[in-house]
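Below: run-v9.cif (mmCIF, C-alpha atoms)
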```cif
data_work
loop_
_atom_site.group_PDB
_atom_site.id
_atom_site.type_symbol
_atom_site.label_atom_id
_atom_site.label_comp_id
_atom_site.auth_asym_id
_atom_site.auth_seq_id
_atom_site.Cartn_x
_atom_site.Cartn_y
_atom_site.Cartn_z
ATOM 1 C CA MET R 1 -0.015 -0.347 4.689
ATOM 2 C CA LEU R 2 -3.053 1.747 5.653
ATOM 3 C CA VAL R 3 -3.574 3.148 9.139
ATOM 4 C CA ASN R 4 -7.281 3.720 9.711
ATOM 5 C CA SER R 5 -8.508 5.482 12.837
ATOM 6 C CA SER R 6 -12.239 5.674 13.534
ATOM 7 C CA PHE R 7 -11.496 8.289 16.221
ATOM 8 C CA THR R 8 -10.208 10.870 13.723
ATOM 9 C CA GLY R 9 -11.854 10.116 10.388
ATOM 10 C CA ALA R 10 -8.485 10.117 8.618
ATOM 11 C CA LYS R 11 -6.956 7.243 6.712
ATOM 12 C CA LEU R 12 -3.192 7.328 6.546
ATOM 13 C CA GLU R 13 -0.557 5.325 4.694
ATOM 14 C CA VAL R 14 2.908 4.253 5.774
ATOM 15 C CA MET R 15 5.301 5.528 3.108
ATOM 16 C CA GLY R 16 8.400 4.015 1.600
ATOM 17 C CA PRO R 17 11.583 6.054 1.018
ATOM 18 C CA GLN R 18 10.690 7.036 -2.562
ATOM 19 C CA LEU R 19 7.208 8.270 -1.664
ATOM 20 C CA ALA R 20 8.583 10.087 1.377
ATOM 21 C CA GLU R 21 11.169 11.849 -0.791
ATOM 22 C CA PHE R 22 8.452 12.858 -3.280
ATOM 23 C CA PHE R 23 6.400 14.529 -0.530
ATOM 24 C CA GLY R 24 9.445 16.136 1.078
ATOM 25 C CA ALA R 25 9.701 13.960 4.199
ATOM 26 C CA GLN R 26 13.102 12.981 5.546
ATOM 27 C CA GLY R 27 13.924 9.295 5.113
ATOM 28 C CA SER R 28 10.800 7.180 5.604
ATOM 29 C CA ALA R 29 9.374 9.335 8.418
ATOM 30 C CA GLY R 30 5.797 10.497 8.219
ATOM 31 C CA LEU R 31 2.392 9.118 7.314
ATOM 32 C CA LEU R 32 0.638 10.129 4.101
ATOM 33 C CA VAL R 33 -3.005 11.172 4.525
ATOM 34 C CA ARG R 34 -4.979 9.137 1.989
ATOM 35 C CA SER R 35 -8.470 10.464 2.768
ATOM 36 C CA VAL R 36 -10.395 12.517 5.328
ATOM 37 C CA ASP R 37 -14.076 11.955 6.179
ATOM 38 C CA SER R 38 -16.284 15.034 6.054
ATOM 39 C CA ASN R 39 -17.398 16.463 9.413
ATOM 40 C CA SER R 40 -14.711 14.424 11.190
ATOM 41 C CA PRO R 41 -12.120 15.581 13.751
ATOM 42 C CA ALA R 42 -9.448 15.411 11.042
ATOM 43 C CA SER R 43 -11.583 17.548 8.710
ATOM 44 C CA VAL R 44 -12.288 20.093 11.461
ATOM 45 C CA ALA R 45 -8.540 20.266 12.187
ATOM 46 C CA GLY R 46 -7.903 21.108 8.529
ATOM 47 C CA LEU R 47 -6.166 17.859 7.594
ATOM 48 C CA ARG R 48 -6.306 17.104 3.852
ATOM 49 C CA ALA R 49 -5.543 14.191 1.565
ATOM 50 C CA GLY R 50 -1.937 14.557 0.424
ATOM 51 C CA ASP R 51 -0.699 15.978 3.741
ATOM 52 C CA VAL R 52 2.169 14.159 5.444
ATOM 53 C CA VAL R 53 1.926 13.833 9.231
ATOM 54 C CA VAL R 54 5.453 14.054 10.685
ATOM 55 C CA LYS R 55 4.660 14.660 14.376
ATOM 56 C CA ILE R 56 1.718 14.254 16.710
ATOM 57 C CA ASN R 57 1.792 15.560 20.283
ATOM 58 C CA SER R 58 5.545 16.296 19.797
ATOM 59 C CA ILE R 59 6.175 12.620 18.906
ATOM 60 C CA SER R 60 7.856 11.906 15.572
ATOM 61 C CA VAL R 61 5.674 9.667 13.419
ATOM 62 C CA ALA R 62 7.724 6.901 11.825
ATOM 63 C CA SER R 63 5.191 4.047 11.871
ATOM 64 C CA GLY R 64 1.494 3.355 12.141
ATOM 65 C CA SER R 65 1.864 2.487 15.834
ATOM 66 C CA ASP R 66 3.181 5.985 16.621
ATOM 67 C CA TRP R 67 -0.047 7.492 15.292
ATOM 68 C CA SER R 68 -2.518 4.869 16.577
ATOM 69 C CA LYS R 69 -1.091 4.672 20.091
ATOM 70 C CA THR R 70 -1.022 8.451 20.535
ATOM 71 C CA ILE R 71 -4.577 8.811 19.233
ATOM 72 C CA HIS R 72 -5.919 6.088 21.538
ATOM 73 C CA GLU R 73 -4.129 7.484 24.583
ATOM 74 C CA ASN R 74 -5.368 11.037 23.990
ATOM 75 C CA ARG R 75 -8.979 10.652 22.882
ATOM 76 C CA GLY R 76 -10.956 13.820 23.542
ATOM 77 C CA LYS R 77 -7.810 15.907 24.020
ATOM 78 C CA PRO R 78 -6.514 18.529 21.565
ATOM 79 C CA LEU R 79 -3.251 17.378 20.014
ATOM 80 C CA PRO R 80 -0.767 19.407 17.968
ATOM 81 C CA VAL R 81 -0.149 17.725 14.623
ATOM 82 C CA VAL R 82 2.831 18.821 12.514
ATOM 83 C CA ILE R 83 2.310 18.201 8.809
ATOM 84 C CA LEU R 84 4.039 18.786 5.503
ATOM 85 C CA ARG R 85 1.805 20.377 2.889
ATOM 86 C CA ASP R 86 3.391 21.205 -0.437
ATOM 87 C CA LYS R 87 6.715 20.495 1.322
ATOM 88 C CA ARG R 88 6.038 23.276 3.862
ATOM 89 C CA VAL R 89 5.677 22.678 7.603
ATOM 90 C CA GLN R 90 2.356 23.520 9.256
ATOM 91 C CA THR R 91 0.897 22.791 12.701
ATOM 92 C CA LEU R 92 -2.757 21.823 13.130
ATOM 93 C CA THR R 93 -4.782 20.988 16.239
ATOM 94 C CA LEU R 94 -6.610 17.649 16.167
ATOM 95 C CA THR R 95 -9.057 16.496 18.857
ATOM 96 C CA PRO R 96 -9.838 12.779 18.436
ATOM 97 C CA ASP R 97 -13.343 11.570 19.269
ATOM 98 C CA THR R 98 -13.758 9.990 22.699
ATOM 99 C CA LYS R 99 -15.722 7.097 21.182
ATOM 100 C CA LYS R 100 -15.426 5.118 17.993
ATOM 101 C CA ARG R 101 -17.091 7.053 15.212
ATOM 102 C CA SER R 102 -18.907 5.629 12.214
ATOM 103 C CA SER R 103 -17.098 6.376 8.996
ATOM 104 C CA VAL R 104 -19.141 7.509 6.003
ATOM 105 C CA GLU R 105 -17.079 5.064 3.960
ATOM 106 C CA SER R 106 -17.423 1.340 4.342
ATOM 107 C CA GLY R 107 -13.965 0.022 5.075
ATOM 108 C CA ILE R 108 -12.043 -3.149 5.681
ATOM 109 C CA GLY R 109 -9.459 -1.632 8.023
ATOM 110 C CA LEU R 110 -8.770 -2.870 11.512
ATOM 111 C CA GLU R 111 -11.240 -0.454 13.090
ATOM 112 C CA GLU R 112 -14.130 -1.783 10.973
ATOM 113 C CA PHE R 113 -12.984 -5.383 11.327
ATOM 114 C CA PHE R 114 -12.774 -5.443 15.138
ATOM 115 C CA GLY R 115 -15.733 -3.154 15.831
ATOM 116 C CA SER R 116 -16.196 -1.654 19.288
ATOM 117 C CA GLY R 117 -16.232 -2.860 22.886
ATOM 118 C CA GLU R 118 -13.626 -3.570 25.543
ATOM 119 C CA GLN R 119 -12.280 -6.711 23.855
ATOM 120 C CA ALA R 120 -11.967 -4.900 20.520
ATOM 121 C CA GLU R 121 -10.167 -2.043 22.250
ATOM 122 C CA ARG R 122 -7.710 -4.446 23.914
ATOM 123 C CA THR R 123 -7.118 -6.112 20.545
ATOM 124 C CA ARG R 124 -6.326 -2.764 18.926
ATOM 125 C CA GLU R 125 -3.987 -1.832 21.782
ATOM 126 C CA THR R 126 -2.195 -5.176 21.426
ATOM 127 C CA LEU R 127 -1.819 -4.648 17.685
ATOM 128 C CA ALA R 128 -0.478 -1.147 18.321
ATOM 129 C CA GLU R 129 2.146 -2.642 20.652
ATOM 130 C CA LEU R 130 3.046 -5.244 18.017
ATOM 131 C CA GLN R 131 3.213 -2.675 15.221
ATOM 132 C CA PRO R 132 6.954 -1.967 15.731
ATOM 133 C CA LEU R 133 7.631 -5.708 15.287
ATOM 134 C CA PHE R 134 5.540 -5.734 12.097
ATOM 135 C CA ASP R 135 7.374 -2.647 10.829
ATOM 136 C CA SER R 136 10.740 -4.263 11.610
ATOM 137 C CA MET R 137 9.760 -7.452 9.777
ATOM 138 C CA ALA R 138 8.563 -5.446 6.764
ATOM 139 C CA ALA R 139 11.802 -3.434 6.718
ATOM 140 C CA ASP R 140 13.832 -6.644 6.944
ATOM 141 C CA ALA R 141 11.855 -8.115 4.045
ATOM 142 C CA ARG R 142 12.513 -4.973 1.977
ATOM 143 C CA ARG R 143 16.248 -5.197 2.756
ATOM 144 C CA ARG R 144 16.326 -8.850 1.731
ATOM 145 C CA MET R 145 14.489 -8.125 -1.531
ATOM 146 C CA GLU R 146 16.887 -5.258 -2.253
ATOM 147 C CA ALA R 147 19.846 -7.545 -1.565
ATOM 148 C CA VAL R 148 18.461 -10.127 -3.994
ATOM 149 C CA ARG R 149 17.807 -7.461 -6.614
ATOM 150 C CA ASN R 150 21.402 -6.242 -6.352
ATOM 151 C CA SER R 151 22.988 -9.697 -6.103
ATOM 152 C CA PRO R 152 25.523 -10.935 -8.693
ATOM 153 C CA GLU R 153 23.154 -13.810 -9.562
ATOM 154 C CA MET R 154 20.319 -11.416 -10.418
ATOM 155 C CA ALA R 155 22.685 -9.160 -12.358
ATOM 156 C CA GLY R 156 23.895 -12.178 -14.336
ATOM 157 C CA MET R 157 20.349 -13.298 -15.123
ATOM 158 C CA MET R 158 19.364 -9.803 -16.285
ATOM 159 C CA ALA R 159 22.473 -9.652 -18.456
ATOM 160 C CA ARG R 160 21.541 -12.977 -20.061
ATOM 161 C CA LEU R 161 18.002 -11.754 -20.717
ATOM 162 C CA GLU R 162 19.356 -8.597 -22.354
ATOM 163 C CA THR R 163 21.659 -10.744 -24.488
ATOM 164 C CA PHE R 164 18.762 -12.926 -25.589
ATOM 165 C CA GLU R 165 16.635 -9.888 -26.357
ATOM 166 C CA ALA R 166 19.384 -8.351 -28.496
ATOM 167 C CA ASN R 167 19.989 -11.596 -30.422
ATOM 168 C CA PRO R 168 18.507 -11.166 -33.961
ATOM 169 C CA GLU R 169 18.426 -14.925 -34.536
ATOM 170 C CA LEU R 170 16.312 -15.396 -31.391
ATOM 171 C CA ARG R 171 13.910 -12.737 -32.602
ATOM 172 C CA VAL R 172 13.526 -14.563 -35.933
ATOM 173 C CA ASP R 173 12.969 -17.890 -34.146
ATOM 174 C CA LEU R 174 10.349 -16.370 -31.860
ATOM 175 C CA GLU R 175 8.518 -14.767 -34.781
ATOM 176 C CA THR R 176 8.574 -18.079 -36.689
ATOM 177 C CA ALA R 177 7.202 -19.900 -33.651
ATOM 178 C CA ARG R 178 4.449 -17.288 -33.277
ATOM 179 C CA ARG R 179 3.409 -17.697 -36.924
ATOM 180 C CA GLN R 180 3.364 -21.483 -36.542
ATOM 181 C CA VAL R 181 1.159 -21.253 -33.433
ATOM 182 C CA ASP R 182 -1.216 -18.851 -35.230
ATOM 183 C CA ALA R 183 -1.409 -21.162 -38.239
ATOM 184 C CA ALA R 184 -2.129 -24.175 -36.044
ATOM 185 C CA ALA R 185 -4.873 -22.251 -34.217
ATOM 186 C CA ASP R 186 -6.472 -21.190 -37.521
ATOM 187 C CA ALA R 187 -6.375 -24.780 -38.782
ATOM 188 C CA ALA R 188 -8.012 -26.002 -35.577
ATOM 189 C CA ARG R 189 -10.779 -23.383 -35.873
ATOM 190 C CA ARG R 190 -11.426 -24.323 -39.514
ATOM 191 C CA ALA R 191 -11.564 -28.010 -38.620
ATOM 192 C CA ALA R 192 -14.022 -27.319 -35.809
ATOM 193 C CA ASP R 193 -16.269 -25.349 -38.201
ATOM 194 C CA SER R 194 -16.212 -27.983 -40.965
ATOM 195 C CA PRO R 195 -19.406 -29.896 -41.861
ATOM 196 C CA GLN R 196 -17.666 -33.190 -41.057
ATOM 197 C CA CYS R 197 -16.870 -32.064 -37.513
ATOM 198 C CA ARG R 198 -20.394 -30.743 -36.907
ATOM 199 C CA GLN R 199 -21.879 -34.005 -38.237
ATOM 200 C CA ARG R 200 -19.689 -36.046 -35.879
ATOM 201 C CA MET R 201 -20.652 -33.833 -32.923
ATOM 202 C CA ASN R 202 -24.354 -34.194 -33.806
#
```

Any chance you could give the structure as structure tokens?
Amino acid sequence: MLVNSSFTGAKLEVMGPQLAEFFGAQGSAGLLVRSVDSNSPASVAGLRAGDVVVKINSISVASGSDWSKTIHENRGKPLPVVILRDKRVQTLTLTPDTKKRSSVESGIGLEEFFGSGEQAERTRETLAELQPLFDSMAADARRRMEAVRNSPEMAGMMARLETFEANPELRVDLETARRQVDAAADAARRAADSPQCRQRMN
């Protein structure tokens, strides 16, 4: 899930446990910086693609709402941002724009979709409040998928597939079926190209 803020010029991504481990973040904490617009507050602060934001304004960043809410509440104010870069901790100072900025990239994120104005701002604030619910639902879905993947039923099905794959007789049958399908397709092409078929079509 991408977190796109038109007040900073940085696009960030919520990471899963494996990606977080790769970048050196603890658990699933932190947001991965996907891109930074040139001449933006994020660029001026020194933020780079590949950085992992772990704290902003002394608040641990564990979800998109942590970032978005803090940015919206502190527009125009310098904020300390703790990042991981090459698995080393650094602190940058980011000052979000006071007004929605135009990104040099055309996007389809929430900022571009809702535009500007009071109603758009209220919509973004509402979504920021709902973000923890969305994150909880996504985490629950991941847990359910993991439970299914590790279930005895799934293990049994995978074992049966491995048995089928290792069966030499099945391999022979599949190869025979493939040759028969190829032969039938060739015969159909020849029949379609025959003078009799063309005469009937004419």

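When all atoms listed in the file are used to measure the gap to Ile56 (chain R), the shortest distance among R:Ser151, R:Ser43, R:Ser38, R:Thr91 belongs to R:Thr91.
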
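Put simply, CA of Arg34 (chain R) is 16.6 Å away from CA of Glu21 (chain R).
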
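Here CA of Leu84 (chain R) stands at a distance of 22.3 Å from CA of Asp135 (chain R).
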
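Here CA of Asp173 (chain R) and CA of Glu153 (chain R) stand 26.9 Å from one another.
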
Shortest interatomic distance to His72 (chain R) - which of R:Arg198, R:Lys99, R:Arg171, R:Arg143, counting only C-alpha atoms: R:Lys99

Non-local contacts of Lys77 (chain R) (7 Å; all atoms listed in the file; under 3 positions in same chain excluded) as a PyMOL selection string: chain R and resi 74+95-96

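When the PyMOL selection byres ((chain R and resi 15) around 9) is evaluated on the file shown here, the picked residues come out as R:Met1, R:Glu13, R:Val14, R:Gly16, R:Pro17, R:Gln18, R:Leu19, R:Ala20, R:Ser28, R:Ala29, R:Gly30, R:Leu31, R:Leu32, R:Ser63.
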
Resolved residues for the PyMOL selection byres ((chain R and resi 53) around 10) as a ChimeraX atom specification: /R:12-13,25,29-33,47,50-52,54-56,60-62,67,81-85,89-91

Exercise: residues within 12 Å of coordinate (-4.3, 9.1, 19.0), counting all atoms listed in the file, as an MDAnalysis selection string: chainID R and resid 3:10 41:42 55:57 59 61 64:81 94:100 125 128

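Among the candidates R:Val44, R:Leu130, R:Val148, R:Ala141, the one nearest to Thr93 (chain R) when counting all atoms listed in the file is R:Val44.
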
Output region 134-145 of chain R as a JSON list (two decimals), in the coordinates of the input, making sure N, CA, C and O atoms are there.
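Generated output (result38.json):
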```json
[["chain", "number", "residue", "atom", "x", "y", "z"],
["R", 134, "PHE", "N", 5.98, -5.60, 13.49],
["R", 134, "PHE", "CA", 5.54, -5.73, 12.10],
["R", 134, "PHE", "C", 6.37, -4.83, 11.18],
["R", 134, "PHE", "O", 6.79, -5.24, 10.09],
["R", 135, "ASP", "N", 6.59, -3.59, 11.63],
["R", 135, "ASP", "CA", 7.37, -2.65, 10.83],
["R", 135, "ASP", "C", 8.79, -3.16, 10.63],
["R", 135, "ASP", "O", 9.37, -3.04, 9.54],
["R", 136, "SER", "N", 9.38, -3.73, 11.70],
["R", 136, "SER", "CA", 10.74, -4.26, 11.61],
["R", 136, "SER", "C", 10.80, -5.43, 10.63],
["R", 136, "SER", "O", 11.74, -5.53, 9.82],
["R", 137, "MET", "N", 9.79, -6.31, 10.69],
["R", 137, "MET", "CA", 9.76, -7.45, 9.78],
["R", 137, "MET", "C", 9.60, -6.99, 8.33],
["R", 137, "MET", "O", 10.25, -7.52, 7.42],
["R", 138, "ALA", "N", 8.75, -5.97, 8.12],
["R", 138, "ALA", "CA", 8.56, -5.45, 6.76],
["R", 138, "ALA", "C", 9.85, -4.81, 6.24],
["R", 138, "ALA", "O", 10.23, -4.99, 5.08],
["R", 139, "ALA", "N", 10.54, -4.06, 7.12],
["R", 139, "ALA", "CA", 11.80, -3.43, 6.72],
["R", 139, "ALA", "C", 12.85, -4.49, 6.39],
["R", 139, "ALA", "O", 13.62, -4.35, 5.43],
["R", 140, "ASP", "N", 12.88, -5.56, 7.20],
["R", 140, "ASP", "CA", 13.83, -6.64, 6.94],
["R", 140, "ASP", "C", 13.53, -7.32, 5.61],
["R", 140, "ASP", "O", 14.45, -7.64, 4.84],
["R", 141, "ALA", "N", 12.23, -7.51, 5.32],
["R", 141, "ALA", "CA", 11.86, -8.12, 4.04],
["R", 141, "ALA", "C", 12.27, -7.23, 2.88],
["R", 141, "ALA", "O", 12.76, -7.73, 1.85],
["R", 142, "ARG", "N", 12.09, -5.89, 3.04],
["R", 142, "ARG", "CA", 12.51, -4.97, 1.98],
["R", 142, "ARG", "C", 14.02, -5.03, 1.77],
["R", 142, "ARG", "O", 14.51, -5.00, 0.63],
["R", 143, "ARG", "N", 14.78, -5.11, 2.88],
["R", 143, "ARG", "CA", 16.25, -5.20, 2.76],
["R", 143, "ARG", "C", 16.66, -6.47, 2.04],
["R", 143, "ARG", "O", 17.57, -6.46, 1.19],
["R", 144, "ARG", "N", 15.99, -7.58, 2.37],
["R", 144, "ARG", "CA", 16.33, -8.85, 1.73],
["R", 144, "ARG", "C", 16.01, -8.81, 0.23],
["R", 144, "ARG", "O", 16.79, -9.30, -0.59],
["R", 145, "MET", "N", 14.86, -8.22, -0.12],
["R", 145, "MET", "CA", 14.49, -8.12, -1.53],
["R", 145, "MET", "C", 15.48, -7.24, -2.28],
["R", 145, "MET", "O", 15.85, -7.53, -3.42]]
```
